[in-house]
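Participant: After the structure tokens below, expect a handful of questions from me.
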Amino acid sequence: MSEPSSHQAPRPADPAGTEEASHLDKVIASSYEAGFVTAIESETLPPGLSEDVIRHISAKKNEPAWLLDWRLAAFRRWQGMTEPTWAHVHYPAVDFNAVSYYSAPKSMKDHPKSLDEVDPELLRTYEKLGIPLAEQAALAGVAVDAVFDSVSVATTFRGKLAEAGVIFCPISEAVREYPELVQKYLGSVVPQGDNFYAALNSAVFSDGSFVYIPKNTRCPMELSTYFRINEAKTGQFERTLIIADEGSYVSYLEGCTAPMRDENQLHAAVVELVALPGAQIKYSTVQNWYPGDEHGRGGIYNFVTKRGVCHDNARISWTQVETGSAITWKYPSVVLKGDNSVGEFYSVALTRNLQQADTGTKMIHLGRNTRSTIVSKGISVGRSSNAYRGLVRISPRAENARNHTQCDSLLIGDACGAHTFPYIESRNPTATVEHEATTSRVSEDQLFLCRARGIDAEKAVSMIVNGFCKEVFKELPMEFAVEAGKLLEVSLEGSVG
Amino acid sequence: MLEIRNLHANVQGKEILKGLSLTIGSGEVHAIMGPNGSGKSTLAAVLSGRDGYEVTAGEILFNGEDITGLAPEERARKGMFLAFQYPVEIPGVSNLEFLKASLEQVRKAQGKDVWDAVTFMKKAREACTKVNLDQAFLKRGVNEGFSGGEKKRNEIMQMLLLEPALGILDETDSGLDIDALQVVAQGVNSLRDAGRSFVLVTHYQRLLDHIVPDHVHVLAGGRIVKSGGKELALELEEKGYGWLKDAAAAG
């Protein structure tokens, strides 16, 4: 059993120590490029949470009665639950009645049938974020579902995907068009009462993506969803459901950004993945929610439940690059239910300024010969706090289960913290569970070696950080690996003397 | 090439260099010798612009330009190169990646062509051969897991590629076996020409058997207390530094 460990950056002993802190401070000064607000008229529910609000959301989406009942049941469970406090994060209590639970651009009321009917201001927003929605301008080979506050504004390449039998649409549409699939799988991986935030999401969820890949089909394109929070004082509660039928393959990526605001905003999502026998799901996240300013004002509270279930011979890989949010509370997990199934978790979490992240994974080994791999890279900068929390559970039935966990922390500056909380529960003597952890620090000596070779401090830090993350970046789809590398560069950008 | 005028420098508030003056002409090789604690490594650090070393008086001119206040990367881009006494490891950043970034910055600043990938690889392999490093080292993390000798050879390899106008070697010979010492010396000697100068900071005479200096200076108490030709190094080898310390105190 591994012990939790914590590292505060040690004070450097070299004579240049004090200089270094000030130098690094400059390097890590933040900039956030996605911080603009789209000026658009929205229809926003007044803040507050009640059964009426839930009925209203459900009515807005023309939902069938079973789903309204499902939401109301979740709400009742949520009312009896309390906010979890075990994570290594600190923040004032969230007033759930000060949040608006539904906001949609007015122009979306008419349910635009094609991109031509979508408000150009919305399209410009995505263009500015580097996600052109017009298919001819889009990244070849990537279909996008664009979610703006509580609604999906467009989903590209649906025609091309339909030819392969792939369903890729907003979940609110799937509820109406494919009710049998949604009803069968919604809540099957993350039950309504799974945890406080999952229960809240189940009660009030708005848009997210729905994916179904038919048997023995390799999804012909990368699928991606881009989440944007725009309206002030609203929360985003998306729900994503991906079903990969027997022998199929899909690679899915999500990205997210929000404007810079002084108030905190809430994001509580649920993602459920179902990998039926022999199926493979690769799920990648580039999370860049507004992280707050250098004084810790504002930023998104990101409380997310992501879980997948693997049937026999199936494989689920989670890859995440987490650079945003004031608080990240997120543990993408895999239930290895079927024999010979494989779960993977590759994570880079960067925290700077006063950001706090408590992230990791759960690998639940139920089937025989199940394997899991965990690679977590935490980078703490400034006064931030970065925690890895991971559970590896081997059930009595999981003969020959294997897990390998590697958990590395990189400290930049001398006021940040890195923490590791591994939980290992093995109930089968044939299982092999390995855990490795390292903590290192970008030192003044390393920076000086780079600078003495003509490489400025900013580029040097960026090279070191990218080198540290290489193992995870190689798991991302190629187009996005470049994006992720750039994101870390942007995140470390600053005015260096 | 390099002119140091009345240089005073502090480390953590303590004065280490106390009025050091030195002129190095183009094409010359100068050895700076001296007992431990005389300020040799401080001089190398101050010349390269390291943070934490405060120049309180005097100036450093490089090709006629006052560089006393310049950042280390700016000095490097002007053609100064410091070979480290203890090169640090940068895990995860490959030697190739590091060299590429370095060469790009330096060559761009000097108005030279930035090598394309093919030329770069060819030059990097050649440089490896010259310092007797296996090419596999190019793909490894910078100095990661290198032995002491391999780290020093890696420094010389970088110098060969960067072709600096002024190379400063800070006790590069310390801890080297004779083979590695010869590799280092060959690297320096192959770069010697009328337009390029070297400062060799060393404690021992033996490096100077392989790289023959034009001038030898003895640093003691933060000042140059004696200068001479290559024969001075031999004299020091024979007599030690004690007699010069007395001279410094008297002077």
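Residue numbers start at 1 in each chain; chains themselves are named A, B, ... in the order of the structure tokens; ligands are numbered from 1 in the order shown.
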Using only C-alpha atoms, find which residues of chain A lie within 7 Å of chain B and jot them down as a VMD selection string.
Facilitator: chain A and resid 15 to 16 19 445 to 446 451 to 456 463 to 464 467 to 468
Participant: DSSP on the backbone, helix (DSSP H, G or I) only: what residues of range 32-99 of chain B does that give? Format it as a list of chain:residue names.
Facilitator: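 Output for range 32-99 of chain B, helix (DSSP H, G or I) only: B:Lys40, B:Ser41, B:Thr42, B:Leu43, B:Ala44, B:Ala45, B:Val46, B:Leu47, B:Ser48, B:Pro72, B:Glu73, B:Glu74, B:Arg75, B:Ala76, B:Arg77, B:Asn95, B:Leu96, B:Glu97, B:Phe98, B:Leu99.
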Participant: Find the residues near His203 in chain B: any atom within 8 Å, counting only C-alpha atoms, skip ones fewer than 6 places away on the same chain, and give them as a ChimeraX atom specification.
Facilitator: /B:33-36,171
Participant: Restricted to N, CA and C atoms, what would the selected residues look like written as a tab-separated table (two decimals), in the first residue's frame?
Facilitator:
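Writing done, so here's again32.tsv:
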```tsv
chain	number	residue	atom	x	y	z
B	33	MET	N	44.57	30.88	-13.95
B	33	MET	CA	44.87	29.87	-12.94
B	33	MET	C	44.76	30.51	-11.56
B	34	GLY	N	44.78	29.69	-10.56
B	34	GLY	CA	44.72	30.26	-9.22
B	34	GLY	C	44.26	29.24	-8.23
B	35	PRO	N	44.52	29.51	-6.97
B	35	PRO	CA	44.13	28.57	-5.92
B	35	PRO	C	42.61	28.51	-5.78
B	36	ASN	N	42.14	27.49	-5.06
B	36	ASN	CA	40.70	27.40	-4.78
B	36	ASN	C	40.24	28.66	-4.06
B	171	GLU	N	36.94	25.19	-15.72
B	171	GLU	CA	37.48	23.95	-15.16
B	171	GLU	C	36.97	22.72	-15.91
```
Participant: Pick from A:Gln183, A:Gln280, A:Asn230, A:Thr155: nearest to Trp66 in chain A, with only C-alpha atoms counted?
Facilitator: A:Gln183
Participant: What is the CA of Val147 in chain A-CA of Leu49 in chain A distance in Å, reported with one decimal?
Facilitator: 21.9 Å
Participant: With only C-alpha atoms as the atoms that count, which of A:Phe210, A:Cys407, A:Gly360, A:Leu350 lies nearest to Asn466 in chain A?
Facilitator: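 Closest residue, counting only C-alpha atoms: A:Leu350.
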Participant: For Ser41 in chain B, find every residue with an atom within 9 Å (counting only C-alpha atoms), except residues of its own chain fewer than 3 positions away, and show them as a ChimeraX atom specification.
Facilitator: /B:37-38,44-46,85,170-171,201
Participant: From the DSSP assignment of the backbone, select every residue of range 2-245 of chain B that is strand (DSSP E or B), and format the answer as a PyMOL selection string.
Facilitator: chain B and resi 2-11+14-24+29-33+53-62+65-66+80-83+90-94+141-142+166-170+197-201+215-220+223-228
Participant: Would you mind listing what lies within 12 Å of Thr119 in chain B as a VMD selection string, with only C-alpha atoms counted and same-chain residues fewer than 5 positions away left out?
Facilitator: chain B and resid 100 103 113 to 114 124 to 126 161
Participant: Keeping N, CA, C and O atoms, export the residues of the selection given above as a PDB file, in the first residue's frame.
Facilitator:
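Result file follows (out_34.pdb):
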```pdb
ATOM      1  N   LYS B 100      19.036  22.223 -31.268  1.00  0.00           N
ATOM      2  CA  LYS B 100      18.309  22.870 -32.351  1.00  0.00           C
ATOM      3  C   LYS B 100      17.827  24.248 -31.900  1.00  0.00           C
ATOM      4  O   LYS B 100      18.002  25.240 -32.603  1.00  0.00           O
ATOM      5  N   LEU B 103      20.917  26.560 -31.489  1.00  0.00           N
ATOM      6  CA  LEU B 103      21.498  26.987 -32.772  1.00  0.00           C
ATOM      7  C   LEU B 103      20.585  27.957 -33.504  1.00  0.00           C
ATOM      8  O   LEU B 103      21.046  28.919 -34.110  1.00  0.00           O
ATOM      9  N   ASP B 113      22.548  31.709 -41.650  1.00  0.00           N
ATOM     10  CA  ASP B 113      21.435  30.827 -42.054  1.00  0.00           C
ATOM     11  C   ASP B 113      21.113  29.888 -40.904  1.00  0.00           C
ATOM     12  O   ASP B 113      22.024  29.359 -40.280  1.00  0.00           O
ATOM     13  N   VAL B 114      19.814  29.679 -40.686  1.00  0.00           N
ATOM     14  CA  VAL B 114      19.438  28.629 -39.743  1.00  0.00           C
ATOM     15  C   VAL B 114      19.450  27.327 -40.534  1.00  0.00           C
ATOM     16  O   VAL B 114      18.834  27.234 -41.595  1.00  0.00           O
ATOM     17  N   ALA B 124      25.429  17.789 -36.423  1.00  0.00           N
ATOM     18  CA  ALA B 124      25.369  17.263 -35.060  1.00  0.00           C
ATOM     19  C   ALA B 124      26.123  15.927 -34.983  1.00  0.00           C
ATOM     20  O   ALA B 124      26.868  15.668 -34.041  1.00  0.00           O
ATOM     21  N   ARG B 125      25.925  15.086 -36.008  1.00  0.00           N
ATOM     22  CA  ARG B 125      26.621  13.788 -36.022  1.00  0.00           C
ATOM     23  C   ARG B 125      28.128  13.988 -36.123  1.00  0.00           C
ATOM     24  O   ARG B 125      28.901  13.310 -35.439  1.00  0.00           O
ATOM     25  N   GLU B 126      28.529  14.913 -36.976  1.00  0.00           N
ATOM     26  CA  GLU B 126      29.967  15.192 -37.118  1.00  0.00           C
ATOM     27  C   GLU B 126      30.564  15.639 -35.784  1.00  0.00           C
ATOM     28  O   GLU B 126      31.646  15.187 -35.394  1.00  0.00           O
ATOM     29  N   LEU B 161      29.474  23.097 -32.482  1.00  0.00           N
ATOM     30  CA  LEU B 161      28.355  23.450 -33.350  1.00  0.00           C
ATOM     31  C   LEU B 161      28.084  24.952 -33.331  1.00  0.00           C
ATOM     32  O   LEU B 161      27.749  25.548 -34.348  1.00  0.00           O
TER      33      LEU B 161
END
```
Participant: Which residues are close to Ser58 in chain A, i.e. within 8 Å by only C-alpha atoms, leaving aside same-chain residues fewer than 5 positions away? Reply as a PyMOL selection string.
Facilitator: chain A and resi 63+67-68
Participant: Given the choices B:Gly222, B:Gly148, B:Gly39, B:Gly19, which gets closest to Ala180 in chain B if the distance is worked out from only C-alpha atoms?
Facilitator: B:Gly148
Participant: Which value, in Å to one decimal, gives the distance between CA of Arg71 in chain A and CA of Ile57 in chain A?
Facilitator: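 Interatomic distance, CA of Arg71 in chain A to CA of Ile57 in chain A: 10.0 Å.
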